[in-house]
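Peer 1: Below are the structure tokens for one structure; questions will follow.
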Amino acid sequence: MRMRTPFKPIPLFWTVVLTFAGIYLFLQFGVPYLSMWITGRSSPLPIPGALMAIYLALVVVGLIVYLAADEGRMQEFWRPVDAFLRGPAQRQTRSARLAAAARWALLGAIPLLVGWGVYQSAAPSTNPPTALRSQHPTIPFAYEKLANPFRNPDGSVDEAVLEEGRILYQVNCRPCHGTPAAGDGPMAYGFRLRPANFRSEDTIATVIEAYAFWRVKEGGIGLPAEGSPWDSAMPAWKDELSDEQIWKIVAAEYHAARVQPRRPETLHGSALPGLAAGGAALRSWPRPAAQAASGEAIYREWCAFCHGDQGDGQGAVAPYLNPRPRDFTTGWFKFRTTASGELPLRADVIDIVRRGVHDTAMPRWEGILTSAEIEAVVDYILTSFVPDWGSYEPVVIPIPNPPRVTAAMVEQGRQIYQELQCWKCHGQGGRSDGPSAPTLKDDLGHPIRATNLTQAWKYKGGSELADIYARFSTGINGTPMPSFYDVFPEEEREARLWALSAYVKSLQEGQPGSASVIHARRVTGALPTTPDDPAWERAEPVSFYLTGQVIVRPRWQTPSVTAVTVRAIHNDQDLALLVEWNDPFHDVEGGAEPPPDDGETYVNLDTLAQAAGRYVDALAVQFPQALSGGAQKPYLLWGQPGRGVNVWKWQADGAVGEFNAAGVQGGLTPQADNQLTAAAAWAEGQYRLVFTRPLDTGSPDDLRLLPGEFIPIAFQAWDGSNAEVGLRMSLSSWYSLLLEKPVPTSAYLYAGLAVLLAAAAEWLLVRRALAAQSMVREPMGGTP
Amino acid sequence: MKRSKLFFILIVLALVLLTSGCGGGEQQSPPVTGGKSGGQGSQAGPVDPATAAVIKGVVNFSGTAPQPEPILMDAEPTCAGQHPDGIFSEAVVVNANNTLKNVFVYVKDGLGDLKFPTPSEPVLLDQVGCIYVPHVLGIQVGQDFIIRNSDGILHNINPLPKVNRPYNVGQPVKMESKKTFEKPELYIPIECDVHEWMSAYINVLDHPYYSVTGDDGSFTLPNLPPGTYTIVAWQETYGEQTQSVTIGEKETKEITFTFEGQ
């Protein structure tokens, strides 16, 4: 007796299709997670697209071979397809009629799908072209044989050298590469090509020290083309640091990242003895044994260069930072859960160390130091430097769990914002342009700005609801921000403060995301020329980060403008570009000379404070002077010799014009005459500026803006009252501007043609299937 | 039945008598001292009134009085409207009789180990028309410090001590806040961040012998035990001047300080 399976056998066609789908899903989703589990990494490892295509092609070939091996199998495979093409034999039963309807629907859909697919590939794409970049281009020959003179034969480095290197690293490299060398320094967020994370296994741990020496010396601009130098903000330190200093920095950065460099290959008679003897372990120098460090040792290694050896905030890095590193000897801590003026709780300080302080140089230590290490260093700091620590119990302000935010809460909060007159400092729109804002000083007498409440990334103590609630309740010690805890009677307090927190959170906007293309909408007719024109509603806004100009001297790591929002509209003749950014003070007068170069690698804020000067607010939009057609662009900071940029610059005193630059050395050269016009308005801490220029000005100095092309675009901004002028500015990376091009008629033609061809092919196949069926049937029908 | 009722009444009576003894009298609203001169040592203190002496005098000004600097209150129209004739900085206030106002005169030395009780009356600082009233105050360690907002608009009280704990309290409406100082400290500036022209100074002492000169430039330090004292006069622009004074039993001594204008 034949074995009966409980299931009806699946047609071979579906078996094949399901096999293919199953393998595809396994490769796409299963393998990445399996690899993650095997290698012990923290994220899944996807298969590259080209490899996927090869695997799937192999599967298809294998399936075809399987099917073709047997004639019966091939027919069996096509049987359901033939049945579909023929249609159901009779149309009497309901199920048969449904099947017939479904068949017609599918037969109709297939040509349309084909047409749609052809249209998609024929129409202009709105995805920017992917740029392939080599992370490790080949080291130049001149650098290949160099070795770090400070590294001992056993791979160790003397403590004295590390100490010097550490100071040099923290002063020069920390703003981008971060205090713990994890690539997340305070300036890093604004660069699309992120500063290298030295703690990652695939950066400096995979190269010899000479490689790092080359990169530090020659900088981003010294990269070969496959390393996309135009996107790299890495300074070329050869003009400012001696070779000896750079070697010390390299030694210190390896130590800070807790990785060892590769050893240069030694050329022996026999090939690669190290590999034979033990493989990868011998390719790098052995790691130093990990020791449990005391709180004091951790402080000396990670904290003292900012917070000072005496905990007084007078470390080597301090003069370049705003806000200053905390002076523990005052006992003032900003972010606590205790009442205004009180000392923090130990848990508060541990929290600050763990999560860092946004928008400042205080890094996030979670993940770098263990919990035990964080507690050890906090205990050391509190007991050694903070006066009165432990002598009394501070008054604790309880922060309850945040409620769900409702629209009514936000409206109530808006009224409370008016009643408490928060706008006196923070402005009506929250952009810190209030009437009392210009004269704010911290407790040491230094000028300080109220936080811009619209920019969530600039809330130093965190931008979540509970964080905001804590700020009102505890005040920020050492700053003008008071505590409002006692304003409300106890029974209303919580509800009112949550409402106010909800309102403040609702002000947050304009945080840049991952979008990198500005789509310039195409209109017919006149373009909007003023920022208030309602036509701007139809253009899609995109926001980008700006960060400090830290590439060439004078390096600026305290920028004011950190984001712009851009919209664009064109009409085939002119382009109108609307740029919006926040600036609390309307600086329309200026013209003072920038102070002379003080020789320091970053602007020293102590010496800057003494130099008087008034500067205007300004904004610049940068394009390449000519589109090269390839992926190559001019250098992101004012281009380079041979590949210049075309800059549109506007100043708050009304000056507007086009400039050209070919590298930082030459500066911005104004054009004799230009066709750029601008209209700007400043209100409540926000600038809105419209640039208008013909797409093609006819001048070789100006970029011809071509619709349908991804045009590189970058932004630079100056806030005059932040002492920004010249190269003391904020800048952005290269993004893209795409002028919408109407879909060419050829795309429609091709799509239509594709539909017709597909339909014709279908018709032929159906006819063939029906003919084959009638041929099969006839002999059964009996002889006429 | 009758006896138990009597017993019950007696118990209730006893309870009423007992509880009326506790609890003390009602709190009177404390008299507010304007900080002009310190506590008179009115509580039972370490000073014997039979032998107590007085040091008093004036603080003179010689030379040319500096031009008073006008304060521009345009950023706060509510307050600007309260000073139609203009308002001037109180950094140097020369009275009509060529004496100085707002000079803080106090005993720096000479009290030995005497301990003085903390007065129960608070010291008041008021914010009126966006100006601190008074401009210079004295207070004792642990004494209540009441900051009142009579303006009804946002002020914040931000004292900047170096020895005591600082604080920063917002007062958006008419209200009062109460604080104290734990340690003696001199010349503590008080600021409002919303109105940067507002300025006051508070001095924390552990004894009541201080006095702030008024419109007639005079000061008085009464109820002092006889002995030798170092008396300091401090003016915020011109700094400190010191004198040593010896007083006998029940003596009233007059001294003068003179500050020179530039």
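Letters A, B, ... mark the chains of the structure tokens in the order given; residue numbers begin at 1 per chain; ligand numbers begin at 1, in order shown.
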Taking only C-alpha atoms into account, report as a PyMOL selection string which residues of chain A lie within 8 Å of chain B.
Peer 2: chain A and resi 340-342+419-421+424-425+435-437+439-441+443+475+477+480-484+486-487
Peer 1: Mind listing the strand (DSSP E or B) residues of range 100-184 of chain B, per DSSP on the backbone, as a PyMOL selection string?
Peer 2: chain B and resi 100+104-109+123-128+131-133+136-140+145-149+155-159+169-171+175-179
Peer 1: Excluding range 303-319 of chain A and residues on its chain fewer than 4 positions from it, collect all residues at most 8 Å away from it, counting only C-alpha atoms, and give them as a list in words.
Peer 2: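 The filter keeps Ile167, Gln170, Val171, Ile298, Tyr299, Arg324, Pro325, Arg326, Asp327, Phe328, Thr329, Ile381, Phe385, Asn604, Leu605 and Asp606 of chain A.
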Peer 1: Output N, CA, C and O atoms for every residue in that selection, as an mmCIF file, in the first residue's frame.
Peer 2:
```
data_model
loop_
_atom_site.group_PDB
_atom_site.id
_atom_site.type_symbol
_atom_site.label_atom_id
_atom_site.label_comp_id
_atom_site.auth_asym_id
_atom_site.auth_seq_id
_atom_site.Cartn_x
_atom_site.Cartn_y
_atom_site.Cartn_z
ATOM 1 N N ILE A 167 48.643 65.176 26.983
ATOM 2 C CA ILE A 167 48.280 66.598 26.986
ATOM 3 C C ILE A 167 48.144 67.094 25.550
ATOM 4 O O ILE A 167 47.184 67.772 25.193
ATOM 5 N N GLN A 170 44.936 65.682 24.066
ATOM 6 C CA GLN A 170 43.697 66.247 24.604
ATOM 7 C C GLN A 170 43.511 67.694 24.166
ATOM 8 O O GLN A 170 42.389 68.156 23.977
ATOM 9 N N VAL A 171 44.591 68.423 23.981
ATOM 10 C CA VAL A 171 44.447 69.795 23.520
ATOM 11 C C VAL A 171 44.099 69.824 22.043
ATOM 12 O O VAL A 171 43.198 70.543 21.617
ATOM 13 N N ILE A 298 42.633 57.086 37.914
ATOM 14 C CA ILE A 298 41.692 57.361 36.823
ATOM 15 C C ILE A 298 41.591 58.858 36.627
ATOM 16 O O ILE A 298 41.549 59.372 35.490
ATOM 17 N N TYR A 299 41.527 59.610 37.722
ATOM 18 C CA TYR A 299 41.423 61.065 37.613
ATOM 19 C C TYR A 299 42.632 61.633 36.889
ATOM 20 O O TYR A 299 42.522 62.469 36.007
ATOM 21 N N ARG A 324 33.617 76.324 30.773
ATOM 22 C CA ARG A 324 34.853 75.835 31.373
ATOM 23 C C ARG A 324 34.602 74.485 32.033
ATOM 24 O O ARG A 324 33.492 74.177 32.443
ATOM 25 N N PRO A 325 35.682 73.706 32.196
ATOM 26 C CA PRO A 325 35.538 72.498 33.011
ATOM 27 C C PRO A 325 35.171 72.889 34.439
ATOM 28 O O PRO A 325 35.559 73.955 34.917
ATOM 29 N N ARG A 326 34.407 72.017 35.080
ATOM 30 C CA ARG A 326 33.933 72.316 36.422
ATOM 31 C C ARG A 326 35.109 72.526 37.383
ATOM 32 O O ARG A 326 36.058 71.756 37.398
ATOM 33 N N ASP A 327 34.963 73.584 38.159
ATOM 34 C CA ASP A 327 35.910 73.828 39.249
ATOM 35 C C ASP A 327 35.291 73.190 40.481
ATOM 36 O O ASP A 327 34.361 73.739 41.076
ATOM 37 N N PHE A 328 35.782 72.012 40.867
ATOM 38 C CA PHE A 328 35.161 71.280 41.972
ATOM 39 C C PHE A 328 35.311 72.005 43.293
ATOM 40 O O PHE A 328 34.522 71.786 44.201
ATOM 41 N N THR A 329 36.322 72.887 43.379
ATOM 42 C CA THR A 329 36.557 73.542 44.664
ATOM 43 C C THR A 329 35.482 74.565 44.996
ATOM 44 O O THR A 329 35.423 75.054 46.121
ATOM 45 N N ILE A 381 37.009 62.494 43.572
ATOM 46 C CA ILE A 381 36.772 63.914 43.321
ATOM 47 C C ILE A 381 36.016 64.554 44.483
ATOM 48 O O ILE A 381 36.385 65.616 44.989
ATOM 49 N N PHE A 385 38.209 67.306 46.553
ATOM 50 C CA PHE A 385 38.157 68.671 46.052
ATOM 51 C C PHE A 385 36.949 69.461 46.522
ATOM 52 O O PHE A 385 37.006 70.682 46.606
ATOM 53 N N ASN A 604 42.418 80.731 22.145
ATOM 54 C CA ASN A 604 42.477 80.782 23.595
ATOM 55 C C ASN A 604 41.430 81.793 24.052
ATOM 56 O O ASN A 604 41.528 82.984 23.729
ATOM 57 N N LEU A 605 40.426 81.329 24.796
ATOM 58 C CA LEU A 605 39.308 82.209 25.115
ATOM 59 C C LEU A 605 39.693 83.278 26.123
ATOM 60 O O LEU A 605 39.066 84.327 26.205
ATOM 61 N N ASP A 606 40.746 83.036 26.920
ATOM 62 C CA ASP A 606 41.183 84.070 27.857
ATOM 63 C C ASP A 606 41.748 85.263 27.099
ATOM 64 O O ASP A 606 41.421 86.406 27.381
#
```
Peer 1: Give me the residues within 9 Å of Ile368 in chain A as a PyMOL selection string, counting only C-alpha atoms and dropping any in the same chain fewer than 2 places off.
Peer 2: chain A and resi 180+182+364-366+370
Peer 1: Record the distance separating CA of Val690 in chain A and CA of Asn674 in chain A, expressed in Å with one decimal.
Peer 2: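 If I compute the distance from CA of Val690 in chain A to CA of Asn674 in chain A, I get 15.9 Å.
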Peer 1: Kindly indicate which residue among A:Val161, A:Ala196, A:Leu321, A:Met362 lies nearest to Ala251 in chain A, using only C-alpha atoms for the distances.
Peer 2: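 Residue with the minimum atom-to-atom distance to Ala251 in chain A: A:Val161.
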Peer 1: Suppose you want the space between CA of Gly667 in chain A and CA of Gly726 in chain A; what is it in Å?
Peer 2: 8.8 Å
